[in-house]
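**Student:** My structure is in my_file.cif, and what it holds is mmCIF, C-alpha atoms:
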```
data_run
#
loop_
_atom_site.label_atom_id
_atom_site.label_comp_id
_atom_site.auth_asym_id
_atom_site.auth_seq_id
_atom_site.Cartn_x
_atom_site.Cartn_y
_atom_site.Cartn_z
CA MET A 1 66.28 132.48 139.16
CA MET A 2 67.87 129.37 137.64
CA GLU A 3 71.33 128.19 138.61
CA ILE A 4 73.43 125.52 136.87
CA ASN A 5 75.86 123.98 139.33
CA ARG A 6 79.09 122.19 138.47
CA SER A 7 77.44 118.81 138.29
CA ARG A 8 75.24 120.27 135.50
CA ASN A 9 72.11 119.93 137.65
CA VAL A 10 69.61 122.74 137.36
CA THR A 11 68.24 124.02 140.67
CA SER A 12 65.73 126.72 141.45
CA GLN A 13 66.60 129.74 143.58
CA PRO A 14 63.99 132.19 144.88
CA ALA A 15 64.10 135.54 143.12
CA PRO A 16 64.84 138.54 145.39
CA THR A 17 61.89 140.70 146.29
CA ARG A 18 61.83 144.42 145.50
CA GLY A 19 62.59 145.13 149.08
CA GLU A 20 65.68 142.90 149.03
CA GLN A 21 67.14 144.27 145.73
CA PRO A 22 68.61 147.56 147.17
CA ALA A 23 70.39 145.61 149.89
CA LEU A 24 71.81 143.16 147.34
CA LYS A 25 73.06 146.00 145.13
CA GLN A 26 74.79 147.61 148.11
CA GLN A 27 76.34 144.29 149.03
CA LEU A 28 77.72 143.82 145.50
CA LYS A 29 79.20 147.33 145.48
CA GLY A 30 81.04 146.61 148.68
CA SER A 31 82.36 143.26 147.59
CA GLN A 32 85.81 142.78 146.03
CA LEU A 33 86.82 140.32 143.37
CA GLN A 34 89.67 138.10 144.56
CA LEU A 35 91.77 136.03 142.18
CA GLU A 36 92.74 132.64 143.43
CA VAL A 37 96.30 131.72 142.54
CA PRO A 38 96.95 128.00 142.05
CA LEU A 39 99.15 126.48 144.74
CA ASN A 40 101.23 124.66 142.16
CA SER A 41 102.22 126.96 139.33
CA ALA A 42 104.39 125.94 136.42
CA LYS A 43 106.31 128.00 133.91
CA VAL A 44 105.17 127.72 130.32
CA THR A 45 107.92 127.76 127.73
CA MET A 46 107.55 128.04 123.98
CA GLN A 47 110.08 127.05 121.39
CA THR A 48 110.25 129.88 118.88
CA HIS A 49 112.98 128.55 116.62
CA VAL A 50 112.56 125.36 114.65
CA ARG A 51 115.58 124.04 112.85
CA VAL A 52 115.06 122.88 109.27
CA SER A 53 117.74 120.68 107.81
CA LYS A 54 119.27 121.30 104.41
CA GLU A 55 117.84 117.97 103.32
CA ASP A 56 114.32 119.11 104.21
CA VAL A 57 114.82 122.37 102.32
CA LYS A 58 116.08 120.54 99.25
CA THR A 59 113.19 118.08 99.42
CA ALA A 60 110.70 120.95 99.54
CA GLU A 61 112.41 122.73 96.64
CA ASP A 62 112.48 119.55 94.55
CA GLU A 63 108.78 118.95 95.21
CA ALA A 64 107.94 122.52 94.23
CA LYS A 65 109.88 122.12 90.98
CA ARG A 66 108.16 118.80 90.27
CA ILE A 67 104.73 120.34 90.74
CA ALA A 68 105.62 123.35 88.59
CA LEU A 69 106.87 121.16 85.74
CA ALA A 70 103.86 118.85 86.03
CA TYR A 71 101.55 121.87 85.92
CA VAL A 72 103.18 123.24 82.76
CA ASP A 73 102.98 119.81 81.13
CA ALA A 74 99.29 119.49 82.05
CA MET A 75 98.52 122.95 80.70
CA GLU A 76 100.32 122.25 77.41
CA LYS A 77 98.15 119.15 76.92
CA THR A 78 95.02 121.07 77.91
CA GLN A 79 95.91 123.91 75.56
CA LYS A 80 96.31 121.49 72.67
CA ALA A 81 93.04 119.76 73.58
CA LEU A 82 91.14 123.05 73.60
CA LYS A 83 92.56 124.09 70.22
CA THR A 84 91.75 120.69 68.70
CA SER A 85 88.24 120.75 70.16
CA LEU A 86 87.57 124.17 68.67
CA SER A 87 89.02 123.20 65.30
CA GLU A 88 87.07 119.95 65.04
CA PHE A 89 83.84 121.56 66.21
CA GLU A 90 84.23 124.33 63.66
CA LYS A 91 84.75 121.73 60.91
CA PHE A 92 81.61 119.92 62.03
CA LYS A 93 79.52 123.10 61.93
CA THR A 94 80.85 123.99 58.47
CA GLU A 95 79.98 120.53 57.13
CA GLN A 96 76.49 120.69 58.59
CA ALA A 97 75.93 124.21 57.26
CA ASN A 98 76.89 123.05 53.77
CA LYS A 99 74.47 120.11 54.01
CA ASN A 100 71.68 122.16 55.58
CA PRO A 101 71.99 125.82 54.52
CA ASN A 102 68.79 126.74 56.37
CA LEU A 103 70.14 125.73 59.78
CA ASP A 104 71.17 128.61 62.05
CA LEU A 105 74.25 127.30 63.86
CA SER A 106 75.41 130.67 65.16
CA ASP A 107 74.83 129.81 68.84
CA LEU A 108 75.45 126.06 68.65
CA ASP A 109 77.59 124.91 71.56
CA LEU A 110 79.12 121.64 72.70
CA TYR A 111 79.15 119.87 76.07
CA GLN A 112 79.32 116.36 77.52
CA ASP A 113 76.49 114.67 79.39
CA LYS A 114 77.05 112.73 82.61
CA GLU A 115 78.05 109.63 80.65
CA GLY A 116 80.62 111.56 78.62
CA ASN A 117 78.65 111.63 75.34
CA LEU A 118 78.96 114.69 73.13
CA LYS A 119 75.81 116.84 73.30
CA LEU A 120 74.72 120.05 71.63
CA ASN A 121 72.89 123.11 72.87
CA SER A 122 71.19 125.88 70.90
CA GLY A 123 68.41 128.37 71.44
CA LYS A 124 67.75 128.67 67.71
CA LEU A 125 67.23 125.03 66.76
CA SER A 126 64.38 122.64 67.49
CA ALA A 127 64.81 119.52 69.59
CA SER A 128 64.59 117.31 66.50
CA GLN A 129 67.23 119.36 64.67
CA ILE A 130 69.58 119.08 67.64
CA THR A 131 69.00 115.33 67.83
CA ASP A 132 69.88 114.96 64.14
CA LEU A 133 73.06 116.99 64.62
CA GLU A 134 74.04 114.95 67.68
CA THR A 135 73.63 111.77 65.66
CA ALA A 136 75.98 113.15 63.01
CA LEU A 137 78.41 114.27 65.72
CA SER A 138 78.52 110.95 67.57
CA GLY A 139 81.05 109.40 65.16
CA ASN A 140 83.63 112.17 65.57
CA GLU A 141 86.12 110.37 67.82
CA LYS A 142 88.82 113.02 67.35
CA LEU A 143 86.56 115.70 68.78
CA LYS A 144 85.37 113.43 71.58
CA ASP A 145 88.95 112.52 72.58
CA ALA A 146 90.09 116.14 72.51
CA PHE A 147 87.11 117.40 74.50
CA THR A 148 87.56 114.62 77.06
CA GLN A 149 91.25 115.53 77.36
CA LEU A 150 90.22 119.13 77.97
CA HIS A 151 88.18 117.98 80.98
CA SER A 152 91.01 115.77 82.25
CA GLY A 153 93.59 118.54 81.86
CA ILE A 154 91.47 121.03 83.76
CA VAL A 155 91.08 118.59 86.64
CA GLU A 156 94.81 117.79 86.69
CA GLY A 157 95.67 121.48 86.73
CA LEU A 158 93.26 122.20 89.58
CA GLN A 159 94.67 119.34 91.63
CA LEU A 160 98.24 120.53 91.07
CA LYS A 161 97.19 124.01 92.19
CA ASP A 162 95.40 122.69 95.30
CA SER A 163 95.69 118.96 95.91
CA TYR A 164 93.59 119.12 99.09
CA GLN A 165 90.61 121.07 97.82
CA TYR A 166 90.29 119.11 94.57
CA ALA A 167 91.38 115.68 95.80
CA ASP A 168 88.02 114.05 94.98
CA LEU A 169 87.59 115.74 91.59
CA ASN A 170 87.85 113.71 88.39
CA ALA A 171 87.22 114.34 84.70
CA SER A 172 83.66 113.02 84.85
CA SER A 173 82.93 115.53 87.62
CA LEU A 174 83.00 118.26 84.98
CA ASN A 175 80.66 116.50 82.56
CA GLY A 176 77.77 118.84 81.93
CA SER A 177 79.62 121.80 83.44
CA ILE A 178 81.68 122.98 80.48
CA ARG A 179 80.41 124.38 77.21
CA LEU A 180 83.16 124.69 74.63
CA ASN A 181 82.29 128.05 73.09
CA GLU A 182 81.23 129.60 76.39
CA LEU A 183 84.52 128.61 78.05
CA THR A 184 86.52 129.90 75.08
CA GLU A 185 84.65 133.20 75.12
CA GLN A 186 85.29 133.67 78.84
CA TYR A 187 88.94 132.75 78.33
CA SER A 188 89.33 135.35 75.57
CA LYS A 189 87.79 138.04 77.80
CA GLN A 190 90.71 137.71 80.21
CA PHE A 191 92.93 139.48 77.64
CA HIS A 192 92.29 143.19 78.06
CA PHE A 193 92.83 145.70 75.27
CA GLU A 194 94.53 147.93 77.80
CA GLY A 195 96.85 146.37 80.32
CA PHE A 196 97.78 142.75 80.86
CA GLY A 197 97.59 140.63 77.69
CA GLN A 198 96.85 143.53 75.37
CA GLU A 199 99.42 142.39 72.80
CA TYR A 200 97.34 139.30 71.99
CA LYS A 201 94.65 140.57 69.62
CA THR A 202 93.09 137.49 68.00
CA LEU A 203 91.71 134.30 69.53
CA SER A 204 94.41 132.32 67.75
CA GLU A 205 97.12 134.43 69.38
CA ARG A 206 95.45 134.10 72.76
CA LEU A 207 95.29 130.33 72.46
CA ASP A 208 98.98 130.18 71.55
CA VAL A 209 100.35 131.94 74.65
CA ASP A 210 102.81 130.11 76.90
CA ALA A 211 101.35 127.31 78.98
CA GLY A 212 101.61 129.16 82.30
CA LEU A 213 99.67 132.19 81.06
CA PHE A 214 97.18 129.92 79.32
CA GLY A 215 96.51 128.05 82.57
CA HIS A 216 96.12 131.29 84.53
CA PHE A 217 93.53 132.71 82.12
CA LEU A 218 91.76 129.37 81.71
CA PHE A 219 91.09 129.00 85.43
CA GLU A 220 90.11 132.66 85.70
CA ALA A 221 87.59 131.96 82.93
CA MET A 222 86.09 129.17 85.03
CA ASN A 223 85.55 131.41 88.03
CA PRO A 224 82.67 131.74 88.69
CA LYS A 225 81.81 128.18 87.71
CA VAL A 226 80.77 127.57 84.13
CA ARG A 227 77.07 126.92 83.71
CA THR A 228 75.98 123.42 84.71
CA PHE A 229 73.47 121.42 82.71
CA ALA A 230 71.14 118.85 84.26
#
```
Represent the structure from my file as C-alpha cells, please.

**Tutor:**
Amino acid sequence: MMEINRSRNVTSQPAPTRGEQPALKQQLKGSQLQLEVPLNSAKVTMQTHVRVSKEDVKTAEDEAKRIALAYVDAMEKTQKALKTSLSEFEKFKTEQANKNPNLDLSDLDLYQDKEGNLKLNSGKLSASQITDLETALSGNEKLKDAFTQLHSGIVEGLQLKDSYQYADLNASSLNGSIRLNELTEQYSKQFHFEGFGQEYKTLSERLDVDAGLFGHFLFEAMNPKVRTFA
C-alpha cells in the first residue's frame, strides 16, 4: 500500500495478509465516523439584495441604445457595400464576357488575399485565364473599396454583438475567408419560402430589407464559417 501524508511525502505501508483481511473488515464495520466540529465557528452571511442607483440604470440604458444605433449604422454601411460589390462584380463579368465570349464565367467568384488584393476563383477556367482576369480587375477601385468595406462592416457588427469574443478581430482577419457570391447565396437562403422572410422573393428585395434584418441574416449566413482560402 502507498500512503501520501500531509507533507506530501510518499511512504510505504505493508499490505495486509489474507489472514489479517477478515479482522480488518470486522474492525471497519464496528467503527463509527465522527465529525469534528471546529472550536471556533463563525456565521456566514450573504447579501442577497444589491441596490442599483437610477444613475447606473440610466447609464446602462444609454449604453445599450448607443450600441443598438451603432449596430444599425454599421449594418447600413455593410448592406450598401455588399450591394455595390455585387453590382460592380456583375459589370466586370459582363464586360469580360463581351470581350471573350468563349469564357465560362458562370462560377467565377471574388475574394481578397491576405494582402487585401482582389482575387478570383473558378473551377471552369485555367490558371492563365484567371490571371488575365485578375489583371483586368486590379484597376477597379470602386469594387475594391466596396468589398473592403464589406469586410470592415462585418467585423464592426461582430464586435458590437460581442465585444469580448471579437476584440482582436480586424478587417484583414477576414481576408481569404469571404467569397462574394458564396456569401450572397448563403444570405439569400436565410429567406424561407414558407415562414420568416417569405415575402421577400428576389435577391434585390432581400438585399433591401431593413438593416437589422439584414444583419441578422448576414451573420447567420456566415455560420458556419465561410470557406477559407490559403

**Student:** Go through A:Glu182, A:Glu156, A:Glu55, A:Glu199 one by one, measure the shortest atom-to-atom distance of each to Ala221 of chain A using all atoms listed in the file, and give the residue with the smallest value.

**Tutor:**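 Using all atoms listed in the file, the shortest distance to Ala221 of chain A belongs to A:Glu182.
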
**Student:** Could you tell me which of A:Asp107, A:Asp62, A:Glu134, A:Glu76 comes closest to Leu120 of chain A if we count all atoms listed in the file?

**Tutor:**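 The closest residue to Leu120 of chain A is A:Glu134.
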
**Student:** Please report the interatomic distance between atom CA of Phe214 of chain A and atom CA of Ala60 of chain A in Å with one decimal.

**Tutor:**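 So the answer is 25.9 Å.
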
**Student:** Can you tell me how far atom CA of Ala64 of chain A sits from atom CA of Asp208 of chain A, in Å to one decimal?

**Tutor:**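 One can read the atom CA of Ala64 of chain A to atom CA of Asp208 of chain A distance as 25.6 Å.
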
**Student:** Quick one, how far is atom CA of Leu82 of chain A from atom CA of Ile154 of chain A?

**Tutor:**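 Atom CA of Ile154 of chain A lies at a distance of 10.4 Å from atom CA of Leu82 of chain A.
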
**Student:** Around (78.2, 117.8, 73.0), as given in the file, which residues come within 6 Å? Count only C-alpha atoms and list them as a PyMOL selection string.

**Tutor:** chain A and resi 110-112+118-120

**Student:** I want to know what sits within 8 Å of Leu174 of chain A, based on only C-alpha atoms, with residues of the same chain fewer than 4 positions away left out; could you give that as a ChimeraX atom specification?

**Tutor:** /A:151,170,178

**Student:** I would like the residues chosen by the PyMOL selection byres ((chain A and resi 150) around 10) on the shown file; could you give them as a list in words?

**Tutor:**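 Against this file, the PyMOL selection byres ((chain A and resi 150) around 10) returns the residues Ala74, Met75, Lys77, Thr78, Gln79, Lys80, Ala81, Leu82, Lys83, Thr84, Ser85, Lys144, Asp145, Ala146, Phe147, Thr148, Gln149, His151, Ser152, Gly153, Ile154, Val155, Glu156, Ala171, Ile178 and Leu180 of chain A.
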
**Student:** Write out as a list of chain:residue names each polymer residue whose atoms come within 12 Å of segment 100-102 of chain A, counting only C-alpha atoms; drop sequence neighbours fewer than 5 positions from it.

**Tutor:**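 Within the cut-off, the hits are A:Lys93, A:Thr94, A:Glu95, A:Lys124, A:Leu125, A:Gln129, A:Asp132, A:Leu133.
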
**Student:** Take the PyMOL selection byres ((chain A and resi 123) around 10), run it mentally on this structure, and tell me the resulting residues as a PyMOL selection string.

**Tutor:** chain A and resi 104-109+121-122+124-127

**Student:** Which residue gives the smallest distance to Leu143 of chain A among A:Gly197, A:Glu63, A:Asn175, A:Ser87, with all atoms listed in the file counted?

**Tutor:**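 Answer, going by the shortest atom-to-atom distance: A:Ser87.
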
**Student:** Counting all atoms listed in the file, which of A:Val72, A:Leu103, A:Tyr187, A:Gln159 gets nearest to Gly212 of chain A?

**Tutor:**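 Of A:Val72, A:Leu103, A:Tyr187, A:Gln159, the one nearest Gly212 of chain A, counting all atoms listed in the file, is A:Val72.
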
**Student:** Between A:Val52, A:Lys201, A:Leu160, A:Glu141, which residue has the minimum interatomic distance to Asp73 of chain A, considering only C-alpha atoms?

**Tutor:**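 Comparing A:Val52, A:Lys201, A:Leu160, A:Glu141 against Asp73 of chain A, the winner is A:Leu160.
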